[in-house]
Each structure stands twice: as C-alpha cells, then as structure tokens.
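**Student:** Pasting start-v7.pdb below, which is PDB, C-alpha atoms.
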ATOM      1  CA  MET A   1     172.451-133.084  42.626
ATOM      2  CA  SER A   2     170.787-132.433  39.328
ATOM      3  CA  LYS A   3     169.504-135.978  39.298
ATOM      4  CA  PHE A   4     168.013-135.417  42.736
ATOM      5  CA  LEU A   5     166.266-132.256  41.529
ATOM      6  CA  LYS A   6     164.895-133.942  38.464
ATOM      7  CA  GLU A   7     163.414-136.714  40.558
ATOM      8  CA  ASN A   8     161.876-134.465  43.186
ATOM      9  CA  ILE A   9     160.905-131.308  41.351
ATOM     10  CA  PHE A  10     157.367-132.461  41.014
ATOM     11  CA  ASN A  11     157.129-133.053  44.757
ATOM     12  CA  PHE A  12     158.682-129.672  45.393
ATOM     13  CA  LEU A  13     156.132-127.902  43.219
ATOM     14  CA  ILE A  14     153.276-129.669  44.960
ATOM     15  CA  PHE A  15     154.721-128.655  48.295
ATOM     16  CA  LEU A  16     155.031-125.039  47.143
ATOM     17  CA  LEU A  17     151.445-124.902  45.895
ATOM     18  CA  LEU A  18     150.111-126.442  49.080
ATOM     19  CA  SER A  19     152.059-123.916  51.134
ATOM     20  CA  LEU A  20     150.689-121.065  49.045
ATOM     21  CA  GLN A  21     147.156-122.352  49.438
ATOM     22  CA  ALA A  22     147.597-122.663  53.207
ATOM     23  CA  PHE A  23     148.939-119.105  53.330
ATOM     24  CA  MET A  24     145.978-117.784  51.361
ATOM     25  CA  TYR A  25     143.501-119.683  53.482
ATOM     26  CA  TYR A  26     144.995-118.272  56.673
ATOM     27  CA  TYR A  27     144.858-114.635  55.573
ATOM     28  CA  ASP A  28     141.442-115.001  54.011
ATOM     29  CA  ASN A  29     139.951-116.139  57.313
ATOM     30  CA  LYS A  30     141.970-113.996  59.642
ATOM     31  CA  PRO A  31     139.588-111.943  61.821
ATOM     32  CA  SER A  32     139.969-108.157  61.443
ATOM     33  CA  SER A  33     141.179-106.301  64.441
ATOM     34  CA  LYS A  34     139.322-103.124  63.305
ATOM     35  CA  VAL A  35     136.004-102.274  64.937
ATOM     36  CA  TYR A  36     133.379-100.660  62.759
ATOM     37  CA  SER A  37     130.682 -98.884  64.687
ATOM     38  CA  GLN A  38     127.883 -96.501  63.638
ATOM     39  CA  LYS A  39     125.712 -95.165  66.364
ATOM     40  CA  SER A  40     122.386 -93.529  65.692
ATOM     41  CA  MET A  41     121.985 -90.721  68.150
ATOM     42  CA  SER A  42     118.914 -88.798  69.200
ATOM     43  CA  VAL A  43     118.539 -85.886  71.570
ATOM     44  CA  GLU A  44     115.327 -84.359  72.873
ATOM     45  CA  ASN A  45     114.730 -80.610  73.189
ATOM     46  CA  PHE A  46     117.806 -80.045  71.108
ATOM     47  CA  SER A  47     119.385 -76.742  70.088
ATOM     48  CA  SER A  48     122.762 -75.989  68.543
ATOM     49  CA  ILE A  49     124.604 -73.584  66.268
ATOM     50  CA  VAL A  50     125.989 -74.455  62.825
ATOM     51  CA  LEU A  51     128.059 -72.363  60.455
ATOM     52  CA  SER A  52     126.784 -71.980  56.890
ATOM     53  CA  LYS A  53     126.922 -69.451  54.067
ATOM     54  CA  SER A  54     124.197 -67.444  55.785
ATOM     55  CA  GLY A  55     126.443 -67.174  58.822
ATOM     56  CA  LEU A  56     125.832 -68.727  62.188
ATOM     57  CA  THR A  57     122.517 -70.552  62.188
ATOM     58  CA  LYS A  58     120.831 -71.629  65.364
ATOM     59  CA  ILE A  59     118.926 -74.886  64.925
ATOM     60  CA  GLY A  60     116.578 -76.559  67.342
ATOM     61  CA  ALA A  61     113.874 -79.181  67.547
ATOM     62  CA  ASP A  62     111.701 -81.264  69.840
ATOM     63  CA  LYS A  63     114.003 -84.125  68.933
ATOM     64  CA  LEU A  64     117.229 -84.365  66.964
ATOM     65  CA  ASN A  65     118.009 -87.561  65.086
ATOM     66  CA  LYS A  66     121.553 -87.800  63.836
ATOM     67  CA  ILE A  67     121.588 -89.881  60.674
ATOM     68  CA  ASP A  68     125.342 -89.619  60.132
ATOM     69  CA  GLU A  69     128.111 -87.071  60.602
ATOM     70  CA  ASP A  70     126.603 -84.682  58.047
ATOM     71  CA  GLN A  71     122.879 -85.347  58.134
ATOM     72  CA  PHE A  72     120.347 -84.508  60.799
ATOM     73  CA  PHE A  73     116.621 -84.912  61.044
ATOM     74  CA  LEU A  74     114.868 -82.375  63.243
ATOM     75  CA  GLN A  75     111.781 -84.213  64.413
ATOM     76  CA  GLY A  76     108.652 -82.414  65.589
ATOM     77  CA  LYS A  77     108.566 -78.656  65.938
ATOM     78  CA  SER A  78     111.851 -77.334  64.594
ATOM     79  CA  TYR A  79     113.529 -74.072  63.697
ATOM     80  CA  LEU A  80     116.495 -72.519  61.911
ATOM     81  CA  GLU A  81     117.401 -68.958  62.829
ATOM     82  CA  ASN A  82     120.103 -66.660  61.486
ATOM     83  CA  LYS A  83     120.528 -63.012  60.556
ATOM     84  CA  LYS A  84     118.755 -63.511  57.205
ATOM     85  CA  TYR A  85     115.738 -65.600  58.168
ATOM     86  CA  LYS A  86     113.873 -67.485  60.831
ATOM     87  CA  ILE A  87     112.314 -70.742  59.656
ATOM     88  CA  TYR A  88     109.742 -72.371  61.917
ATOM     89  CA  GLY A  89     108.500 -75.758  60.764
ATOM     90  CA  GLU A  90     108.208 -79.437  61.473
ATOM     91  CA  ASP A  91     110.293 -82.480  60.582
ATOM     92  CA  ILE A  92     113.178 -80.658  58.905
ATOM     93  CA  SER A  93     116.051 -82.567  57.299
ATOM     94  CA  ILE A  94     119.472 -80.934  57.202
ATOM     95  CA  ASN A  95     122.514 -81.850  55.127
ATOM     96  CA  LEU A  96     125.506 -79.913  56.438
ATOM     97  CA  ILE A  97     127.839 -80.723  53.531
ATOM     98  CA  GLU A  98     125.403 -79.681  50.801
ATOM     99  CA  GLU A  99     123.989 -76.891  52.989
ATOM    100  CA  ILE A 100     120.446 -77.987  52.222
ATOM    101  CA  SER A 101     117.521 -78.105  54.589
ATOM    102  CA  HIS A 102     114.024 -79.163  53.607
ATOM    103  CA  SER A 103     110.633 -80.161  54.897
ATOM    104  CA  LYS A 104     107.331 -81.188  53.363
ATOM    105  CA  LYS A 105     105.303 -79.853  56.232
ATOM    106  CA  SER A 106     103.853 -76.401  56.809
ATOM    107  CA  VAL A 107     106.429 -73.733  57.443
ATOM    108  CA  GLN A 108     106.575 -70.100  58.498
ATOM    109  CA  VAL A 109     109.499 -67.904  57.499
ATOM    110  CA  ILE A 110     110.195 -64.465  58.905
ATOM    111  CA  ASN A 111     112.743 -62.223  57.212
ATOM    112  CA  SER A 112     113.449 -58.518  57.259
ATOM    113  CA  MET A 113     110.720 -57.959  54.668
ATOM    114  CA  GLY A 114     107.825 -59.848  56.186
ATOM    115  CA  THR A 115     106.278 -63.188  56.996
ATOM    116  CA  LEU A 116     105.843 -66.104  54.612
ATOM    117  CA  GLU A 117     103.746 -69.242  55.012
ATOM    118  CA  ALA A 118     103.922 -72.338  52.812
ATOM    119  CA  ASN A 119     103.278 -76.066  52.758
ATOM    120  CA  GLY A 120     106.944 -77.001  52.580
ATOM    121  CA  PHE A 121     110.357 -75.684  51.669
ATOM    122  CA  LYS A 122     113.806 -76.485  50.365
ATOM    123  CA  ASN A 123     116.576 -74.157  51.449
ATOM    124  CA  ILE A 124     119.751 -74.306  49.355
ATOM    125  CA  ASP A 125     121.907 -72.098  51.505
ATOM    126  CA  SER A 126     124.950 -72.213  49.214
ATOM    127  CA  GLU A 127     122.833 -70.629  46.433
ATOM    128  CA  GLY A 128     120.956 -68.260  48.728
ATOM    129  CA  LYS A 129     117.638 -69.645  47.480
ATOM    130  CA  ILE A 130     114.641 -70.975  49.351
ATOM    131  CA  TYR A 131     111.960 -72.820  47.369
ATOM    132  CA  PHE A 132     108.470 -72.898  48.844
ATOM    133  CA  ASP A 133     105.881 -75.429  47.746
ATOM    134  CA  GLY A 134     102.124 -75.365  47.368
ATOM    135  CA  ILE A 135      99.994 -72.389  48.256
ATOM    136  CA  VAL A 136     102.323 -69.660  49.477
ATOM    137  CA  THR A 137     101.372 -66.411  51.203
ATOM    138  CA  PHE A 138     103.895 -63.678  51.809
ATOM    139  CA  LYS A 139     102.995 -60.518  53.692
ATOM    140  CA  SER A 140     105.578 -57.793  53.589
ATOM    141  CA  HIS A 141     105.730 -54.829  55.925
ATOM    142  CA  GLU A 142     107.302 -52.195  53.753
TER     143      GLU A 142
ATOM    144  CA  MET B   1      98.955 -20.380  78.094
ATOM    145  CA  VAL B   2     102.378 -22.009  77.708
ATOM    146  CA  LEU B   3     100.974 -25.282  79.091
ATOM    147  CA  LEU B   4      98.147 -25.244  76.540
ATOM    148  CA  HIS B   5     100.633 -24.559  73.783
ATOM    149  CA  LEU B   6     102.745 -27.539  74.869
ATOM    150  CA  LYS B   7      99.693 -29.802  74.957
ATOM    151  CA  VAL B   8      98.765 -28.804  71.414
ATOM    152  CA  MET B   9     102.342 -29.403  70.292
ATOM    153  CA  ASN B  10     102.376 -32.843  71.898
ATOM    154  CA  LYS B  11      99.156 -33.798  70.122
ATOM    155  CA  PHE B  12     100.545 -32.536  66.828
ATOM    156  CA  ILE B  13     103.737 -34.563  67.251
ATOM    157  CA  PHE B  14     101.705 -37.649  68.205
ATOM    158  CA  ILE B  15      99.472 -37.365  65.110
ATOM    159  CA  LEU B  16     102.530 -36.746  62.906
ATOM    160  CA  SER B  17     104.245 -39.845  64.363
ATOM    161  CA  ILE B  18     101.211 -42.011  63.598
ATOM    162  CA  PHE B  19     101.109 -40.630  60.051
ATOM    163  CA  PHE B  20     104.779 -41.468  59.432
ATOM    164  CA  TYR B  21     104.408 -44.891  61.066
ATOM    165  CA  LEU B  22     101.467 -45.819  58.855
ATOM    166  CA  ASN B  23     103.298 -44.665  55.740
ATOM    167  CA  ALA B  24     106.488 -46.470  56.713
ATOM    168  CA  TYR B  25     104.678 -49.800  57.186
ATOM    169  CA  ALA B  26     102.418 -50.025  54.135
ATOM    170  CA  GLU B  27     101.725 -53.675  53.506
ATOM    171  CA  SER B  28     102.175 -55.736  50.349
ATOM    172  CA  THR B  29     100.957 -59.290  49.971
ATOM    173  CA  VAL B  30     102.016 -61.992  47.526
ATOM    174  CA  LYS B  31     100.039 -65.208  47.119
ATOM    175  CA  ALA B  32     101.124 -68.059  44.874
ATOM    176  CA  GLY B  33      99.214 -71.216  44.011
ATOM    177  CA  ASP B  34     102.144 -73.419  43.003
ATOM    178  CA  SER B  35     105.435 -72.170  44.367
ATOM    179  CA  LEU B  36     107.516 -69.212  45.409
ATOM    180  CA  ILE B  37     111.288 -68.841  45.266
ATOM    181  CA  TRP B  38     113.104 -66.383  47.468
ATOM    182  CA  ASP B  39     116.463 -65.619  45.823
ATOM    183  CA  SER B  40     118.434 -63.583  48.327
ATOM    184  CA  GLU B  41     121.513 -63.453  46.043
ATOM    185  CA  ASN B  42     119.605 -61.676  43.277
ATOM    186  CA  GLN B  43     117.174 -60.033  45.707
ATOM    187  CA  SER B  44     113.988 -61.295  44.114
ATOM    188  CA  TYR B  45     110.859 -63.326  44.713
ATOM    189  CA  THR B  46     109.483 -65.481  41.895
ATOM    190  CA  ALA B  47     105.933 -66.723  42.297
ATOM    191  CA  THR B  48     104.088 -69.107  39.973
ATOM    192  CA  GLY B  49     100.537 -70.408  39.637
ATOM    193  CA  SER B  50      97.541 -68.104  40.187
ATOM    194  CA  VAL B  51      99.654 -65.310  41.561
ATOM    195  CA  GLU B  52      98.095 -62.418  43.450
ATOM    196  CA  PHE B  53     100.026 -59.287  44.367
ATOM    197  CA  SER B  54      98.408 -56.523  46.352
ATOM    198  CA  ASN B  55      99.506 -53.308  47.988
ATOM    199  CA  ASP B  56      97.606 -50.339  49.367
ATOM    200  CA  THR B  57      96.888 -49.088  45.820
ATOM    201  CA  PHE B  58      95.999 -52.048  43.610
ATOM    202  CA  ILE B  59      95.516 -55.814  43.338
ATOM    203  CA  ALA B  60      97.191 -57.703  40.496
ATOM    204  CA  TYR B  61      96.655 -61.261  39.255
ATOM    205  CA  SER B  62      98.795 -63.238  36.826
ATOM    206  CA  ASP B  63     100.299 -66.657  36.106
ATOM    207  CA  LYS B  64     103.799 -65.634  37.161
ATOM    208  CA  MET B  65     105.403 -62.791  39.062
ATOM    209  CA  ILE B  66     108.972 -61.659  39.657
ATOM    210  CA  ALA B  67     109.410 -58.983  42.307
ATOM    211  CA  GLN B  68     112.740 -57.257  42.843
ATOM    212  CA  TYR B  69     113.572 -55.698  46.178
ATOM    213  CA  ILE B  70     116.248 -53.589  47.770
ATOM    214  CA  GLU B  71     117.534 -53.367  51.303
ATOM    215  CA  GLN B  72     117.012 -50.031  52.949
ATOM    216  CA  GLY B  73     118.380 -49.884  56.450
ATOM    217  CA  ASN B  74     117.121 -53.006  58.175
ATOM    218  CA  LYS B  75     114.102 -53.226  55.865
ATOM    219  CA  GLU B  76     113.518 -54.614  52.396
ATOM    220  CA  LEU B  77     111.293 -52.879  49.862
ATOM    221  CA  PHE B  78     109.727 -54.084  46.615
ATOM    222  CA  THR B  79     111.016 -51.813  43.858
ATOM    223  CA  ILE B  80     109.943 -53.555  40.637
ATOM    224  CA  VAL B  81     107.121 -56.051  40.188
ATOM    225  CA  GLU B  82     106.815 -57.896  36.875
ATOM    226  CA  LEU B  83     103.694 -59.873  35.999
ATOM    227  CA  PHE B  84     103.554 -62.448  33.212
ATOM    228  CA  GLU B  85     100.602 -63.995  31.340
ATOM    229  CA  ASN B  86      96.900 -63.339  31.963
ATOM    230  CA  VAL B  87      97.581 -60.132  33.815
ATOM    231  CA  ARG B  88      94.629 -58.455  35.547
ATOM    232  CA  ILE B  89      95.091 -55.356  37.667
ATOM    233  CA  GLU B  90      92.286 -53.848  39.721
ATOM    234  CA  LEU B  91      92.779 -50.211  40.632
ATOM    235  CA  LYS B  92      89.758 -48.606  42.320
ATOM    236  CA  ASP B  93      86.918 -48.980  39.763
ATOM    237  CA  GLU B  94      89.236 -49.743  36.838
ATOM    238  CA  VAL B  95      90.425 -53.092  35.567
ATOM    239  CA  PHE B  96      93.522 -53.373  33.371
ATOM    240  CA  LEU B  97      94.097 -56.525  31.342
ATOM    241  CA  GLY B  98      97.255 -57.475  29.464
ATOM    242  CA  ASP B  99      99.876 -60.106  28.717
ATOM    243  CA  TYR B 100     102.695 -58.482  30.672
ATOM    244  CA  ALA B 101     102.916 -55.726  33.265
ATOM    245  CA  ILE B 102     105.667 -53.983  35.126
ATOM    246  CA  TYR B 103     105.151 -51.824  38.198
ATOM    247  CA  THR B 104     107.894 -49.489  39.368
ATOM    248  CA  ARG B 105     107.602 -48.251  42.907
ATOM    249  CA  ASP B 106     109.786 -45.178  42.493
ATOM    250  CA  ASP B 107     107.397 -43.420  40.102
ATOM    251  CA  ASN B 108     104.297 -45.469  40.997
ATOM    252  CA  ILE B 109     103.658 -46.338  37.343
ATOM    253  CA  ILE B 110     102.214 -49.535  35.883
ATOM    254  CA  THR B 111     102.996 -50.361  32.250
ATOM    255  CA  LEU B 112     101.036 -53.111  30.532
ATOM    256  CA  THR B 113     101.785 -54.578  27.121
ATOM    257  CA  GLY B 114     100.253 -57.170  24.850
ATOM    258  CA  ASP B 115      96.533 -57.372  24.331
ATOM    259  CA  VAL B 116      95.737 -54.493  26.674
ATOM    260  CA  SER B 117      92.380 -53.180  27.770
ATOM    261  CA  ILE B 118      90.989 -50.767  30.353
ATOM    262  CA  GLN B 119      87.568 -51.466  31.775
ATOM    263  CA  SER B 120      85.672 -49.024  33.925
ATOM    264  CA  PRO B 121      81.953 -48.656  34.686
ATOM    265  CA  THR B 122      81.550 -46.223  31.795
ATOM    266  CA  ARG B 123      83.963 -47.360  29.108
ATOM    267  CA  LEU B 124      86.147 -50.053  27.587
ATOM    268  CA  LEU B 125      89.345 -49.112  25.810
ATOM    269  CA  LYS B 126      91.700 -51.457  23.991
ATOM    270  CA  GLY B 127      95.252 -51.089  22.774
ATOM    271  CA  HIS B 128      98.749 -52.527  22.740
ATOM    272  CA  GLU B 129     100.388 -50.643  25.598
ATOM    273  CA  LEU B 130      99.003 -48.917  28.659
ATOM    274  CA  ILE B 131     100.921 -46.595  30.938
ATOM    275  CA  ALA B 132      99.040 -45.943  34.160
ATOM    276  CA  ASP B 133     100.495 -43.106  36.208
ATOM    277  CA  ILE B 134      98.863 -43.717  39.561
ATOM    278  CA  ASP B 135     100.074 -40.595  41.369
ATOM    279  CA  ASN B 136      98.924 -38.256  38.601
ATOM    280  CA  ASN B 137      95.810 -40.334  37.809
ATOM    281  CA  LYS B 138      96.792 -40.407  34.147
ATOM    282  CA  ARG B 139      96.377 -43.210  31.615
ATOM    283  CA  ILE B 140      98.108 -43.379  28.241
ATOM    284  CA  LEU B 141      96.925 -46.051  25.856
ATOM    285  CA  ASN B 142      99.020 -46.758  22.780
ATOM    286  CA  SER B 143      98.016 -48.893  19.838
ATOM    287  CA  ALA B 144     100.354 -51.326  18.144
ATOM    288  CA  ASN B 145     100.841 -48.781  15.369
ATOM    289  CA  ASP B 146     102.985 -45.911  16.656
ATOM    290  CA  GLU B 147     101.185 -43.402  14.437
ATOM    291  CA  SER B 148      97.906 -43.800  16.242
ATOM    292  CA  LEU B 149      97.987 -42.713  19.854
ATOM    293  CA  VAL B 150      95.197 -42.534  22.365
ATOM    294  CA  GLU B 151      95.589 -40.582  25.537
ATOM    295  CA  VAL B 152      92.928 -40.576  28.207
ATOM    296  CA  LEU B 153      93.039 -38.045  30.961
ATOM    297  CA  LEU B 154      90.939 -38.636  34.013
ATOM    298  CA  GLU B 155      89.678 -36.007  36.360
ATOM    299  CA  ASN B 156      91.092 -36.483  39.822
ATOM    300  CA  ASN B 157      87.633 -36.455  41.355
ATOM    301  CA  GLU B 158      86.350 -39.244  43.589
ATOM    302  CA  ASN B 159      82.731 -38.477  42.712
ATOM    303  CA  ASN B 160      83.186 -39.162  38.973
TER     304      ASN B 160
END
As structure tokens, what does this structure read like?
**Tutor:**
Amino acid sequence: MSKFLKENIFNFLIFLLLSLQAFMYYYDNKPSSKVYSQKSMSVENFSSIVLSKSGLTKIGADKLNKIDEDQFFLQGKSYLENKKYKIYGEDISINLIEEISHSKKSVQVINSMGTLEANGFKNIDSEGKIYFDGIVTFKSHE
Amino acid sequence: MVLLHLKVMNKFIFILSIFFYLNAYAESTVKAGDSLIWDSENQSYTATGSVEFSNDTFIAYSDKMIAQYIEQGNKELFTIVELFENVRIELKDEVFLGDYAIYTRDDNIITLTGDVSIQSPTRLLKGHELIADIDNNKRILNSANDESLVEVLLENNENN
C-alpha cells in the first residue's frame, strides 16, 4: 500500500491541482444571476412633497430629473415652498440625504420678512442657512 | 345730524387705519455686492461686499453688515444692525463716517466708533465715538480721551 502511494503520489498531486484549477476556472466564469439596473427617470410638470428640517417642503419644476435615489435635478422653472420660505428659481439641484439644494441661476426668495433676489443660492437646510451669491437685494416689509 | 356724525367717524377711522398700516409696513432694504447669508437658526442676515442698508430714516453703506431680527407674530423685524469697515451713514443732510456702527431699533440710536466724523452743510466734526439719537435729534461726539467730551445739540427745526 505504502509502495503504491510512494509511486503515485506525484500523479495524485497533479490530479489534485488540476481539479482545483478546473474548480476555480468554473466559478470565475460563472455568470451572475443578479440583475443590476439603474434607471434615469424624468417627469415633466412635476410637483411633490419632501420632509426636511424645515418641515414639509413642496417642490416642483418644469421637469424633474432623478439622478439617483437621493438626488434630483429640477430643470427649468422650479420652486421649493415650506412654512419658512418660498424659493423660486431655475435648474435647482437637490440632495435629500444632505438636505442641500442649490442653483447658480437667478432666484427669488419670499419669507415672512420680505423678498430677496440673488444670482444663485445654496440652501443647507440642516443648518438653517441659505447662502446667496452675487448681487443680492433684500426688501423687508417690517 | 347723527348721520353726519357717523360719516365723520367713518372718515376718522379710515384715516387712522391708513396711518397704522403705513407705520406697520415701513420698508427696509439690504443690498450686497458679493453675498448674503440668511441664518434662520441665529435669526440674522450677513451681507458682504459694498453693502447698503436703508430704512425710512437713513441709508448706510459699509463693507459688511450683520442684521439681527426677531419674530413678532407672523412678521420678522430687524432689531440690531451692525456695520463693519468703511461705514457711511446718510441721515437727512448729515453724513456720519466711521469704522464700525451699530443701530438699535428699540431706541432708534446709531452708535459709531473708530475714526468718526459728522459732516453737514455747515460743519465738520471729528472724534472717536458718535451717538446719534434719531428720535431726539441729538448727537454726542466723544473723543478717544474720556476727559474731553464734545456734545452737539441740534435744534429740531427743519428750516435750519
């Protein structure tokens, strides 16, 4: 028996290695049964309601482009309205996770103090801050 | 006679309503050349770059402005306005210059500090601190040295 093993151990090892290689080759090339799909969605004359720190915010646009689950691009004339402010602008990007909306186009904001006009904005809702760019005019009705 | 009395009363109430409406909706304007930040958590507006603040009493210019506000009912009111660097305030025929100014709405007083001056058609006064009491038409100009004090009282007369 031991003589048989001594004579054939080399063949056995080769057989084992070849089997291992065949096994690896099979699993390396096996097609996945999972289906990965990412659809880009767009909706015209869109309006919806999202929940943020400022409360319920109504958003709307000429066209909504959904980038992924958390990011939207409001194309054309767009708005965000809640109890704190009403933002009327164009081409507004929204990140729902970070609660940030921004645009580099002219914007009008109406709040309980007055009306503000600027060349762009960045609204960090979680911080309660809105940054306005360029020449800004704010008229308050005290 | 009673009808006439009622008509007069109606007119009086109408005029009174207009008066209160106009006072309730006095307008303030803020203009910024670079940016403006509305911080609703801290209830403030911060403006930078060729800032202009105006209300029904004066116009102010500076490099930076921070305006605090409070909520009163459904409205928000500016309570404190701070102006930083190259401050210029135009109040009727007077011009106040300084490095820093603070306006408090409650008492309607502007306080300027730094290299302060008051210019009017008839005089130029310089000092370190100016307190302009708008309601009482009173100006107090202090020098950097506390021992020397200049107080200027103005007649409340439009024709002067």
**Student:** Which is closer to chain B than all the others in A:Asn95, A:Ala61, A:Ser54, A:Asn8, using all atoms listed in the file?
**Tutor:**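 Of all the options, A:Ser54 lies closest to chain B.
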**Student:** When you draw a straight line from CA of Phe12 (chain A) to CA of Asp28 (chain A), how long is it in Å?
**Tutor:**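 For CA of Phe12 (chain A) relative to CA of Asp28 (chain A), the distance reads 24.2 Å.
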**Student:** Can you list what the PyMOL selection byres ((chain B) within 8 of (chain A)) grabs from this structure, as a count of residues only?
**Tutor:** 23
**Student:** Please write the residues picked by the PyMOL selection byres ((chain B and resi 65) around 8) on this file as a ChimeraX atom specification.
**Tutor:** /B:45-48,51,62-64,66-67,81-84
**Student:** Fewer than 5 positions away in the same chain doesn't count, so skip those; otherwise give me all residues within 9 Å of Ala144 (chain B), counting all atoms listed in the file, as a PDB file with C-alpha atoms, in the coordinates of the input.
**Tutor:**
ATOM      1  CA  GLY B 114     100.253 -57.170  24.850  1.00  0.00           C
ATOM      2  CA  GLY B 127      95.252 -51.089  22.774  1.00  0.00           C
ATOM      3  CA  HIS B 128      98.749 -52.527  22.740  1.00  0.00           C
ATOM      4  CA  GLU B 129     100.388 -50.643  25.598  1.00  0.00           C
TER       5      GLU B 129
END
**Student:** Would you mind putting N, CA and C atoms back on region 87-109 of chain A and writing the result as a PDB file, in the frame of the given file?
**Tutor:**
ATOM      1  N   ILE A  87     113.195 -69.728  60.233  1.00  0.00           N
ATOM      2  CA  ILE A  87     112.314 -70.742  59.656  1.00  0.00           C
ATOM      3  C   ILE A  87     111.737 -71.574  60.800  1.00  0.00           C
ATOM      4  N   TYR A  88     110.409 -71.577  60.890  1.00  0.00           N
ATOM      5  CA  TYR A  88     109.742 -72.371  61.917  1.00  0.00           C
ATOM      6  C   TYR A  88     108.895 -73.430  61.205  1.00  0.00           C
ATOM      7  N   GLY A  89     109.221 -74.691  61.452  1.00  0.00           N
ATOM      8  CA  GLY A  89     108.500 -75.758  60.764  1.00  0.00           C
ATOM      9  C   GLY A  89     108.440 -77.023  61.582  1.00  0.00           C
ATOM     10  N   GLU A  90     108.347 -78.118  60.848  1.00  0.00           N
ATOM     11  CA  GLU A  90     108.208 -79.437  61.473  1.00  0.00           C
ATOM     12  C   GLU A  90     108.971 -80.447  60.632  1.00  0.00           C
ATOM     13  N   ASP A  91     109.606 -81.382  61.267  1.00  0.00           N
ATOM     14  CA  ASP A  91     110.293 -82.480  60.582  1.00  0.00           C
ATOM     15  C   ASP A  91     111.217 -81.964  59.471  1.00  0.00           C
ATOM     16  N   ILE A  92     112.241 -81.266  59.864  1.00  0.00           N
ATOM     17  CA  ILE A  92     113.178 -80.658  58.905  1.00  0.00           C
ATOM     18  C   ILE A  92     114.440 -81.516  58.788  1.00  0.00           C
ATOM     19  N   SER A  93     114.805 -81.840  57.553  1.00  0.00           N
ATOM     20  CA  SER A  93     116.051 -82.567  57.299  1.00  0.00           C
ATOM     21  C   SER A  93     117.153 -81.580  56.953  1.00  0.00           C
ATOM     22  N   ILE A  94     118.339 -81.829  57.466  1.00  0.00           N
ATOM     23  CA  ILE A  94     119.472 -80.934  57.202  1.00  0.00           C
ATOM     24  C   ILE A  94     120.671 -81.738  56.720  1.00  0.00           C
ATOM     25  N   ASN A  95     121.261 -81.286  55.613  1.00  0.00           N
ATOM     26  CA  ASN A  95     122.514 -81.850  55.127  1.00  0.00           C
ATOM     27  C   ASN A  95     123.579 -80.765  55.250  1.00  0.00           C
ATOM     28  N   LEU A  96     124.515 -80.961  56.151  1.00  0.00           N
ATOM     29  CA  LEU A  96     125.506 -79.913  56.438  1.00  0.00           C
ATOM     30  C   LEU A  96     126.512 -79.736  55.314  1.00  0.00           C
ATOM     31  N   ILE A  97     126.853 -80.811  54.620  1.00  0.00           N
ATOM     32  CA  ILE A  97     127.839 -80.723  53.531  1.00  0.00           C
ATOM     33  C   ILE A  97     127.257 -79.949  52.347  1.00  0.00           C
ATOM     34  N   GLU A  98     126.038 -80.345  51.946  1.00  0.00           N
ATOM     35  CA  GLU A  98     125.403 -79.681  50.801  1.00  0.00           C
ATOM     36  C   GLU A  98     124.724 -78.371  51.182  1.00  0.00           C
ATOM     37  N   GLU A  99     124.647 -78.095  52.468  1.00  0.00           N
ATOM     38  CA  GLU A  99     123.989 -76.891  52.989  1.00  0.00           C
ATOM     39  C   GLU A  99     122.547 -76.801  52.500  1.00  0.00           C
ATOM     40  N   ILE A 100     121.851 -77.924  52.638  1.00  0.00           N
ATOM     41  CA  ILE A 100     120.446 -77.987  52.222  1.00  0.00           C
ATOM     42  C   ILE A 100     119.597 -78.400  53.412  1.00  0.00           C
ATOM     43  N   SER A 101     118.511 -77.681  53.602  1.00  0.00           N
ATOM     44  CA  SER A 101     117.521 -78.105  54.589  1.00  0.00           C
ATOM     45  C   SER A 101     116.167 -78.132  53.896  1.00  0.00           C
ATOM     46  N   HIS A 102     115.334 -79.081  54.268  1.00  0.00           N
ATOM     47  CA  HIS A 102     114.024 -79.163  53.607  1.00  0.00           C
ATOM     48  C   HIS A 102     113.001 -79.839  54.496  1.00  0.00           C
ATOM     49  N   SER A 103     111.749 -79.548  54.181  1.00  0.00           N
ATOM     50  CA  SER A 103     110.633 -80.161  54.897  1.00  0.00           C
ATOM     51  C   SER A 103     109.419 -80.160  53.980  1.00  0.00           C
ATOM     52  N   LYS A 104     108.558 -81.141  54.156  1.00  0.00           N
ATOM     53  CA  LYS A 104     107.331 -81.188  53.363  1.00  0.00           C
ATOM     54  C   LYS A 104     106.116 -80.834  54.218  1.00  0.00           C
ATOM     55  N   LYS A 105     106.393 -80.264  55.346  1.00  0.00           N
ATOM     56  CA  LYS A 105     105.303 -79.853  56.232  1.00  0.00           C
ATOM     57  C   LYS A 105     105.221 -78.328  56.292  1.00  0.00           C
ATOM     58  N   SER A 106     104.099 -77.845  56.822  1.00  0.00           N
ATOM     59  CA  SER A 106     103.853 -76.401  56.809  1.00  0.00           C
ATOM     60  C   SER A 106     104.973 -75.645  57.526  1.00  0.00           C
ATOM     61  N   VAL A 107     105.280 -74.493  56.957  1.00  0.00           N
ATOM     62  CA  VAL A 107     106.429 -73.733  57.443  1.00  0.00           C
ATOM     63  C   VAL A 107     106.102 -72.239  57.474  1.00  0.00           C
ATOM     64  N   GLN A 108     106.692 -71.555  58.427  1.00  0.00           N
ATOM     65  CA  GLN A 108     106.575 -70.100  58.498  1.00  0.00           C
ATOM     66  C   GLN A 108     107.990 -69.517  58.475  1.00  0.00           C
ATOM     67  N   VAL A 109     108.184 -68.535  57.605  1.00  0.00           N
ATOM     68  CA  VAL A 109     109.499 -67.904  57.499  1.00  0.00           C
ATOM     69  C   VAL A 109     109.359 -66.405  57.760  1.00  0.00           C
TER      70      VAL A 109
END
